[in-house]
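Participant: So that we are looking at the same thing, I have put the structure below in structure tokens.
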Amino acid sequence: MKEKDDALDSEDFGRDLRSVQALQRKHEGLERDLAALGDKTHPEAAEQIYDLQLQLNDRWSALTSKANNRKEKLLDSYDYQRFLSDCRDLQRWNNNTMVLVNSDELANDVTGAEALLERHSEYRTEMDARAGMFQKFDQFGNDLLSMHHYASAD
């Protein structure tokens, strides 16, 4: 139980989506180990080791509480890392699109003007298609703020 307790004291909640997911898998393994240990915390000869059993149950409760708290923090960390990843993706797309849309290219003839208008229309269609992604991202950020997420100050 000491080993499991030490594992739950870790302050590492991941630095990116991949590391958070690895920590979540590791935590699920720890929860399986805790479930197996839980079966051993209630021996049949309880009257012979009553005091020890009380101590063990107290430690067990503290350990499972710690496990639940860590799981919540990992879920929060996952949400935050997903938010940051989505933010980077949307910013990258936005920056690339701004470069394309703000081009100073002018047409020299009617065919060139039609081609530029067609390209502009394609940009507009793509922007309209991504509007929902921006709205979902905005809502996700507001949800994190309203839940008083630990990274709300960021």
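Labeling convention for the structure tokens: chains A, B, ... as they appear, residues from 1 per chain, ligands from 1 in order of appearance.
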Run DSSP on the backbone and tell me which residues of range 4-57 of chain A come out as helix (DSSP H, G or I); list them as a VMD selection string.

Facilitator: chain A and resid 4 to 8 17 to 38 50 to 57

Participant: For C-alpha atoms, I'd like the residues from the last selection saved as a PDB file, in the first residue's frame.

Facilitator:
ATOM      1  CA  LYS A   4       0.589   2.812  -4.229  1.00  0.00           C
ATOM      2  CA  ASP A   5       0.358   5.765  -1.844  1.00  0.00           C
ATOM      3  CA  ASP A   6       3.689   7.113  -3.100  1.00  0.00           C
ATOM      4  CA  ALA A   7       2.556   6.748  -6.730  1.00  0.00           C
ATOM      5  CA  LEU A   8      -0.542   8.832  -5.975  1.00  0.00           C
ATOM      6  CA  LEU A  17      -1.968  15.022 -24.558  1.00  0.00           C
ATOM      7  CA  ARG A  18       0.310  12.027 -25.065  1.00  0.00           C
ATOM      8  CA  SER A  19       1.866  12.236 -21.577  1.00  0.00           C
ATOM      9  CA  VAL A  20      -1.549  12.760 -19.911  1.00  0.00           C
ATOM     10  CA  GLN A  21      -2.920   9.705 -21.720  1.00  0.00           C
ATOM     11  CA  ALA A  22       0.105   7.635 -20.595  1.00  0.00           C
ATOM     12  CA  LEU A  23      -0.454   8.783 -17.003  1.00  0.00           C
ATOM     13  CA  GLN A  24      -4.152   7.898 -17.271  1.00  0.00           C
ATOM     14  CA  ARG A  25      -3.257   4.360 -18.448  1.00  0.00           C
ATOM     15  CA  LYS A  26      -0.780   4.028 -15.591  1.00  0.00           C
ATOM     16  CA  HIS A  27      -3.452   5.247 -13.157  1.00  0.00           C
ATOM     17  CA  GLU A  28      -5.945   2.678 -14.472  1.00  0.00           C
ATOM     18  CA  GLY A  29      -3.360  -0.041 -13.766  1.00  0.00           C
ATOM     19  CA  LEU A  30      -2.956   1.342 -10.262  1.00  0.00           C
ATOM     20  CA  GLU A  31      -6.737   1.254  -9.783  1.00  0.00           C
ATOM     21  CA  ARG A  32      -6.762  -2.416 -10.853  1.00  0.00           C
ATOM     22  CA  ASP A  33      -3.993  -3.116  -8.333  1.00  0.00           C
ATOM     23  CA  LEU A  34      -6.008  -1.303  -5.656  1.00  0.00           C
ATOM     24  CA  ALA A  35      -9.076  -3.401  -6.474  1.00  0.00           C
ATOM     25  CA  ALA A  36      -7.010  -6.579  -6.037  1.00  0.00           C
ATOM     26  CA  LEU A  37      -5.624  -5.263  -2.747  1.00  0.00           C
ATOM     27  CA  GLY A  38      -9.121  -4.334  -1.616  1.00  0.00           C
ATOM     28  CA  TYR A  50      -9.317  -6.023  14.749  1.00  0.00           C
ATOM     29  CA  ASP A  51      -6.973  -3.096  15.520  1.00  0.00           C
ATOM     30  CA  LEU A  52      -4.800  -3.854  12.534  1.00  0.00           C
ATOM     31  CA  GLN A  53      -7.865  -4.111  10.343  1.00  0.00           C
ATOM     32  CA  LEU A  54      -9.092  -0.691  11.501  1.00  0.00           C
ATOM     33  CA  GLN A  55      -5.732   0.847  10.649  1.00  0.00           C
ATOM     34  CA  LEU A  56      -5.702  -0.917   7.326  1.00  0.00           C
ATOM     35  CA  ASN A  57      -9.224   0.256   6.511  1.00  0.00           C
TER      36      ASN A  57
END

Participant: Write out as JSON lines a residue-level contact list of range 5-105 of chain A versus range 111-128 of chain A with cut-off 12 Å: for each qualifying residue the closest pair of atoms and the distance in Å to one decimal, counting only C-alpha atoms, rows sorted by chain and residue number upward.

Facilitator:
{"residue": "A:Leu90", "atom": "CA", "partner": "A:Met127", "partner_atom": "CA", "distance": 11.3}
{"residue": "A:Trp93", "atom": "CA", "partner": "A:Met127", "partner_atom": "CA", "distance": 9.9}
{"residue": "A:Asn94", "atom": "CA", "partner": "A:Met127", "partner_atom": "CA", "distance": 9.1}
{"residue": "A:Asn96", "atom": "CA", "partner": "A:Tyr123", "partner_atom": "CA", "distance": 11.0}
{"residue": "A:Thr97", "atom": "CA", "partner": "A:Tyr123", "partner_atom": "CA", "distance": 7.6}
{"residue": "A:Met98", "atom": "CA", "partner": "A:Tyr123", "partner_atom": "CA", "distance": 9.8}
{"residue": "A:Val99", "atom": "CA", "partner": "A:Tyr123", "partner_atom": "CA", "distance": 11.2}
{"residue": "A:Leu100", "atom": "CA", "partner": "A:Tyr123", "partner_atom": "CA", "distance": 8.2}
{"residue": "A:Val101", "atom": "CA", "partner": "A:His120", "partner_atom": "CA", "distance": 7.1}
{"residue": "A:Asn102", "atom": "CA", "partner": "A:His120", "partner_atom": "CA", "distance": 10.2}
{"residue": "A:Ser103", "atom": "CA", "partner": "A:Leu116", "partner_atom": "CA", "distance": 10.3}
{"residue": "A:Asp104", "atom": "CA", "partner": "A:Leu116", "partner_atom": "CA", "distance": 10.9}
{"residue": "A:Glu105", "atom": "CA", "partner": "A:Leu116", "partner_atom": "CA", "distance": 8.4}

Participant: May I have the residues from that selection written out with C-alpha atoms, as an mmCIF file, in the first residue's frame?

Facilitator:
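Output saved as part04.cif:
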data_model
loop_
_atom_site.group_PDB
_atom_site.id
_atom_site.type_symbol
_atom_site.label_atom_id
_atom_site.label_comp_id
_atom_site.auth_asym_id
_atom_site.auth_seq_id
_atom_site.Cartn_x
_atom_site.Cartn_y
_atom_site.Cartn_z
ATOM 1 C CA LEU A 90 -6.808 26.850 -34.674
ATOM 2 C CA TRP A 93 -4.943 27.528 -39.378
ATOM 3 C CA ASN A 94 -5.966 31.137 -38.726
ATOM 4 C CA ASN A 96 -2.116 30.474 -42.582
ATOM 5 C CA THR A 97 -5.522 31.639 -43.773
ATOM 6 C CA MET A 98 -4.742 35.268 -42.935
ATOM 7 C CA VAL A 99 -1.620 35.088 -45.107
ATOM 8 C CA LEU A 100 -3.667 33.710 -48.006
ATOM 9 C CA VAL A 101 -6.549 36.156 -47.632
ATOM 10 C CA ASN A 102 -4.334 39.215 -47.169
ATOM 11 C CA SER A 103 -2.403 38.569 -50.353
ATOM 12 C CA ASP A 104 -1.726 41.709 -52.385
ATOM 13 C CA GLU A 105 -1.959 39.765 -55.626
#

Participant: Could you work out how far CA of Met1 in chain A lies from CA of Leu63 in chain A, giving the answer in Å with one decimal?

Facilitator: 7.9 Å

Participant: Check the smallest atom-to-atom distance from each of A:Arg15, A:Lys71, A:Lys66, A:Arg82 to Phe140 in chain A using only C-alpha atoms, then report the winner.

Facilitator: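 Smallest separation from Phe140 in chain A among the options: A:Arg82.
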
Participant: Name the residues in contact with range 83-87 of chain A at a cut-off of 10 Å, using only C-alpha atoms, excluding same-chain residues fewer than 3 positions from it; report them as a list in words.

Facilitator: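 Using only C-alpha atoms, the neighbours found are Asp16, Leu17, Ser77, Tyr78, Asp79, Tyr80, Leu90, Gln91, Arg92, Trp93, Met133, Phe134, Phe137, Asp138, Phe140, Gly141 and Leu144 of chain A.
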
Participant: What separation in Å, quoted to one decimal, exists between CA of Gln139 in chain A and CA of Phe13 in chain A?

Facilitator: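 About the pair CA of Gln139 in chain A and CA of Phe13 in chain A: they are 23.5 Å apart.
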